[in-house]
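Chemist: One file is attached below, data.txt, containing compact mmCIF, C-alpha atoms.
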# COMPACT_ATOMS: atom_id res chain seq x y z
CA MET A 159 -85.60 21.00 47.29
CA PRO A 160 -85.60 23.20 50.38
CA VAL A 161 -82.54 25.27 51.24
CA ILE A 162 -80.09 23.47 53.51
CA ASP A 163 -79.83 25.23 56.87
CA PRO A 164 -76.43 26.11 58.42
CA THR A 165 -76.47 23.03 60.68
CA GLY A 166 -77.17 20.77 57.70
CA LYS A 167 -74.35 22.40 55.75
CA ALA A 168 -71.96 21.90 58.67
CA ILE A 169 -72.94 18.22 58.89
CA ILE A 170 -72.56 17.58 55.15
CA ASN A 171 -69.28 19.44 54.87
CA GLY A 172 -67.85 18.09 58.12
CA LEU A 173 -68.60 14.39 57.69
CA GLN A 174 -67.37 13.86 54.13
CA GLY A 175 -63.77 13.32 55.19
CA GLY A 176 -64.43 10.51 57.62
CA PHE A 177 -66.37 9.41 60.65
CA PRO A 178 -64.83 8.47 64.00
CA LEU A 179 -64.54 4.76 64.77
CA THR A 180 -65.14 5.13 68.49
CA ARG A 181 -67.62 3.89 71.09
CA ARG A 182 -69.69 7.08 70.64
CA PRO A 183 -69.02 8.21 67.06
CA PHE A 184 -71.96 10.63 66.87
CA ARG A 185 -70.86 12.27 70.12
CA ASP A 186 -67.28 12.58 68.93
CA ALA A 187 -68.18 13.77 65.41
CA GLY A 188 -70.73 16.17 66.88
CA ALA A 189 -68.11 17.68 69.18
CA GLU A 190 -65.93 18.44 66.14
CA LEU A 191 -68.91 20.24 64.56
CA GLY A 192 -70.03 22.07 67.71
CA LEU A 193 -73.11 19.84 68.02
CA SER A 194 -74.30 17.45 70.68
CA GLU A 195 -74.63 13.75 69.92
CA ASP A 196 -78.43 14.07 69.71
CA GLU A 197 -78.23 17.17 67.49
CA LEU A 198 -75.96 15.34 65.04
CA ILE A 199 -78.18 12.24 64.93
CA GLU A 200 -81.28 14.40 64.43
CA GLY A 201 -79.50 16.53 61.81
CA VAL A 202 -78.47 13.50 59.75
CA ARG A 203 -81.98 12.03 60.05
CA ASP A 204 -83.52 15.34 58.92
CA LEU A 205 -81.19 15.60 55.89
CA VAL A 206 -82.04 12.06 54.77
CA GLU A 207 -85.79 12.50 55.34
CA ALA A 208 -85.75 15.80 53.39
CA GLY A 209 -83.96 14.09 50.49
CA GLN A 210 -80.95 16.38 50.88
CA LEU A 211 -78.81 13.29 51.54
CA SER A 212 -79.64 10.09 49.69
CA ARG A 213 -77.94 7.96 52.32
CA PHE A 214 -75.68 8.09 55.33
CA GLY A 215 -73.40 5.16 55.93
CA PRO A 216 -70.06 3.57 55.20
CA LEU A 217 -68.66 2.75 51.79
CA TRP A 218 -67.20 -0.74 51.93
CA ASN A 219 -64.57 -2.06 49.57
CA ALA A 220 -66.49 -5.21 48.66
CA GLU A 221 -63.55 -6.76 46.84
CA LEU A 222 -61.25 -6.50 49.86
CA LEU A 223 -64.00 -8.23 51.86
CA GLY A 224 -64.18 -11.10 49.35
CA GLY A 225 -67.11 -9.73 47.34
CA GLY A 226 -67.42 -8.15 43.95
CA VAL A 227 -68.31 -4.86 42.28
CA CYS A 228 -69.36 -4.08 38.74
CA LEU A 229 -70.37 -0.90 36.93
CA ALA A 230 -73.34 -1.40 34.62
CA ALA A 231 -75.29 0.73 32.15
CA VAL A 232 -78.65 0.56 30.40
CA ALA A 233 -80.29 2.48 27.56
CA VAL A 234 -83.65 3.35 29.12
CA PRO A 235 -86.46 4.98 27.13
CA PRO A 236 -86.93 8.40 28.76
CA GLU A 237 -90.61 7.75 29.49
CA ARG A 238 -89.63 4.63 31.49
CA PHE A 239 -86.65 6.08 33.35
CA ASP A 240 -88.31 6.43 36.77
CA GLU A 241 -89.99 3.02 36.51
CA VAL A 242 -86.73 1.30 35.57
CA ALA A 243 -84.81 3.20 38.26
CA ASP A 244 -87.28 1.88 40.84
CA GLN A 245 -86.84 -1.68 39.54
CA VAL A 246 -83.04 -1.43 39.58
CA ASN A 247 -82.91 0.27 42.99
CA ALA A 248 -85.15 -2.42 44.50
CA HIS A 249 -82.13 -4.74 44.46
CA PRO A 250 -80.15 -4.43 47.71
CA GLU A 251 -76.93 -5.01 45.75
CA ILE A 252 -77.28 -1.65 43.94
CA ALA A 253 -74.81 0.72 45.57
CA HIS A 254 -75.88 3.77 43.57
CA ASN A 255 -77.69 4.64 40.37
CA TYR A 256 -77.57 7.81 38.32
CA GLU A 257 -78.76 9.31 35.05
CA ARG A 258 -76.35 10.38 32.33
CA THR A 259 -76.80 12.31 29.13
CA HIS A 260 -75.78 9.49 26.82
CA ALA A 261 -77.37 6.67 24.82
CA LEU A 262 -76.65 4.56 27.90
CA ASN A 263 -78.53 6.93 30.17
CA MET A 264 -78.71 4.87 33.38
CA TRP A 265 -75.51 3.84 35.15
CA PHE A 266 -75.37 1.89 38.40
CA VAL A 267 -72.96 -0.05 40.55
CA VAL A 268 -73.65 -3.61 41.71
CA SER A 269 -71.85 -4.56 44.91
CA ALA A 270 -72.24 -8.09 46.25
CA GLU A 271 -70.87 -10.29 49.03
CA ASP A 272 -70.12 -13.01 46.50
CA PRO A 273 -68.81 -11.99 43.05
CA ARG A 274 -71.09 -14.64 41.48
CA GLN A 275 -74.13 -12.68 42.68
CA ILE A 276 -73.36 -9.88 40.24
CA ALA A 277 -74.27 -11.92 37.15
CA ARG A 278 -77.48 -13.05 38.87
CA VAL A 279 -78.50 -9.47 39.73
CA LEU A 280 -77.77 -8.22 36.21
CA THR A 281 -79.78 -11.10 34.70
CA GLU A 282 -82.69 -10.32 37.04
CA ILE A 283 -82.61 -6.64 36.07
CA GLU A 284 -82.66 -7.56 32.38
CA SER A 285 -85.59 -9.89 32.97
CA GLU A 286 -87.55 -7.39 35.08
CA THR A 287 -87.01 -4.41 32.79
CA GLY A 288 -86.84 -6.10 29.39
CA LEU A 289 -83.73 -4.03 28.69
CA ALA A 290 -80.17 -5.14 27.95
CA VAL A 291 -77.64 -4.40 30.69
CA LEU A 292 -74.05 -3.67 29.73
CA ALA A 293 -71.71 -4.97 32.45
CA MET A 294 -68.36 -3.19 32.78
CA PRO A 295 -66.24 -5.10 35.28
CA LYS A 296 -63.22 -3.30 36.70
CA VAL A 297 -59.97 -3.78 34.82
CA SER A 298 -57.86 -1.26 36.77
CA GLU A 299 -58.52 0.59 40.01
CA PHE A 300 -58.10 4.32 40.48
CA PHE A 301 -58.87 6.39 43.55
CA VAL A 302 -60.58 9.70 42.90
CA GLY A 303 -61.40 11.77 45.94
CA PHE A 304 -64.75 13.55 45.78
CA ARG A 305 -66.06 16.25 48.11
CA VAL A 306 -69.06 18.48 47.72
CA GLU A 307 -69.11 21.72 49.69
CA VAL A 308 -72.59 23.10 50.34
Please express what this file holds, its structure, as structure tokens.
Modeler:
Amino acid sequence: MPVIDPTGKAIINGLQGGFPLTRRPFRDAGAELGLSEDELIEGVRDLVEAGQLSRFGPLWNAELLGGGVCLAAVAVPPERFDEVADQVNAHPEIAHNYERTHALNMWFVVSAEDPRQIARVLTEIESETGLAVLAMPKVSEFFVGFRVEV
């Protein structure tokens, strides 16, 4: 992965704490970072295209909006990991997916407008991959803040 330039670092570090909900959010966020609206838009686009950001967008609390969320895990044979990741990630309900050093080496979050969609998505993933999916619905909610400084 290429080195992140100073503008990219400023964008990543500056936007993790929130994004303005205004008529011109990129203009207003850019001003806070010493960038023009166009520079911020181009900077975010460049970071995503370079793979230095996997996504740029809001995180919705699906449950407060009437939807559902479920953490899930799969034991994926190492030689199939990329193939299975592509199959899982092809579902628009997958919020994020990551590898862990564990027997259950693939963990992902399913987020859906209707809580009943979660079971359907998990069943489809099992069918497509031929692997058992362990669903871990939320029992209690905790808020853990997470920031990455680059």
Chemist: Please determine, counting only C-alpha atoms, which residue among A:Glu251, A:Leu193, A:Phe301, A:Pro295 has the shortest atom-to-atom distance to Arg278 in chain A.
Modeler: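 Ranking A:Glu251, A:Leu193, A:Phe301, A:Pro295 by distance to Arg278 in chain A, first place goes to A:Glu251.
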Chemist: So, with all atoms listed in the file as the atoms that count, which of A:Ala270, A:Leu211, A:Ile276, A:Ala290 lies closest to Val242 in chain A?
Modeler: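 Closest residue, counting all atoms listed in the file: A:Ala290.
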Chemist: List as number ranges by chain the protein and nucleic acid residues near Glu257 in chain A, meaning an atom at most 10 Å away when all atoms listed in the file are counted, but skip any in the same chain fewer than 3 places from it.
Modeler: A: 231-232, 234, 239, 243, 260, 262-266
Chemist: Which neighbours of range 225-230 of chain A fall inside 9 Å, counting all atoms listed in the file, when residues of the same chain fewer than 6 positions from it are skipped, and could you give them as a list in words?
Modeler: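 These residues fall inside the cut-off: Asn219, Met264, Trp265, Phe266, Val267, Val268, Ser269, Ala270, Glu271, Asp272, Pro273, Arg274, Gln275, Ile276, Leu280, Val291, Leu292, Ala293, Met294, Pro295 and Lys296 of chain A.
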Chemist: Which of these, A:Leu198, A:Leu205, A:Ile162, A:Leu217, has the shortest distance to Gly176 in chain A once you count only C-alpha atoms?
Modeler: A:Leu217
Chemist: Compare A:Thr180, A:Asn247, A:Gln174, A:Asn255 by their minimum atom-to-atom distance to Pro216 in chain A, counting all atoms listed in the file, and give me the closest one.
Modeler: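 Checking each of A:Thr180, A:Asn247, A:Gln174, A:Asn255 against Pro216 in chain A, counting all atoms listed in the file, the winner is A:Gln174.
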Chemist: Calculated over all atoms listed in the file, which of the candidates A:Leu191, A:Asp186, A:Glu241, A:Ala208 has the smallest distance to Ala168 in chain A?
Modeler: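 Going through A:Leu191, A:Asp186, A:Glu241, A:Ala208 one by one, the smallest distance to Ala168 in chain A is for A:Leu191.
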Chemist: Find the distance between CA of Ala233 in chain A and CA of Ala261 in chain A and write it in Å to one decimal.
Modeler: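 Atom-to-atom, CA of Ala233 in chain A to CA of Ala261 in chain A, that is 5.8 Å.
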Chemist: Neighbouring residues of Gln245 in chain A were defined as those with any atom within 10 Å, considering all atoms listed in the file; residues of the same chain fewer than 3 positions away were excluded. Please report them as an MDAnalysis selection string.
Modeler: chainID A and resid 239:242 248:249 282:283 286:287
Chemist: What does the structure give for the distance between CA of Pro236 in chain A and CA of Glu284 in chain A, in Å to one decimal?
Modeler: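 Computing the Euclidean distance for CA of Pro236 in chain A and CA of Glu284 in chain A yields 16.9 Å.
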Chemist: To one decimal in Å, tell me the separation between CA of Lys167 in chain A and CA of Asp196 in chain A.
Modeler: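 That distance, rounded to one decimal, is 16.8 Å.
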Chemist: Output range 220-236 of chain A with N, CA and C atoms present, as a CSV table (one decimal), in the frame of the given file.
Modeler:
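Writing done, so here's rebuild.csv:
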chain,number,residue,atom,x,y,z
A,220,ALA,N,-66.0,-3.8,48.7
A,220,ALA,CA,-66.5,-5.2,48.7
A,220,ALA,C,-65.4,-6.2,48.2
A,221,GLU,N,-64.6,-5.8,47.3
A,221,GLU,CA,-63.6,-6.8,46.8
A,221,GLU,C,-62.6,-7.1,47.9
A,222,LEU,N,-62.2,-6.2,48.8
A,222,LEU,CA,-61.2,-6.5,49.9
A,222,LEU,C,-61.9,-7.4,50.9
A,223,LEU,N,-63.3,-7.4,50.9
A,223,LEU,CA,-64.0,-8.2,51.9
A,223,LEU,C,-64.4,-9.6,51.2
A,224,GLY,N,-63.9,-9.8,50.0
A,224,GLY,CA,-64.2,-11.1,49.4
A,224,GLY,C,-65.3,-11.0,48.4
A,225,GLY,N,-65.9,-9.9,48.2
A,225,GLY,CA,-67.1,-9.7,47.3
A,225,GLY,C,-66.7,-9.2,46.0
A,226,GLY,N,-67.7,-8.7,45.3
A,226,GLY,CA,-67.4,-8.2,44.0
A,226,GLY,C,-68.2,-6.9,43.7
A,227,VAL,N,-67.7,-6.1,42.7
A,227,VAL,CA,-68.3,-4.9,42.3
A,227,VAL,C,-68.3,-4.8,40.8
A,228,CYS,N,-69.3,-4.2,40.2
A,228,CYS,CA,-69.4,-4.1,38.7
A,228,CYS,C,-70.2,-2.8,38.4
A,229,LEU,N,-69.6,-2.0,37.5
A,229,LEU,CA,-70.4,-0.9,36.9
A,229,LEU,C,-71.2,-1.4,35.8
A,230,ALA,N,-72.4,-0.9,35.7
A,230,ALA,CA,-73.3,-1.4,34.6
A,230,ALA,C,-74.1,-0.2,34.0
A,231,ALA,N,-74.6,-0.3,32.8
A,231,ALA,CA,-75.3,0.7,32.2
A,231,ALA,C,-76.4,0.1,31.3
A,232,VAL,N,-77.5,1.0,31.2
A,232,VAL,CA,-78.6,0.6,30.4
A,232,VAL,C,-79.1,1.7,29.6
A,233,ALA,N,-79.6,1.5,28.4
A,233,ALA,CA,-80.3,2.5,27.6
A,233,ALA,C,-81.8,2.4,27.9
A,234,VAL,N,-82.3,3.4,28.6
A,234,VAL,CA,-83.6,3.4,29.1
A,234,VAL,C,-84.5,4.4,28.3
A,235,PRO,N,-85.6,4.0,27.8
A,235,PRO,CA,-86.5,5.0,27.1
A,235,PRO,C,-86.8,6.1,28.2
A,236,PRO,N,-86.7,7.3,27.8
A,236,PRO,CA,-86.9,8.4,28.8
A,236,PRO,C,-88.3,8.3,29.5
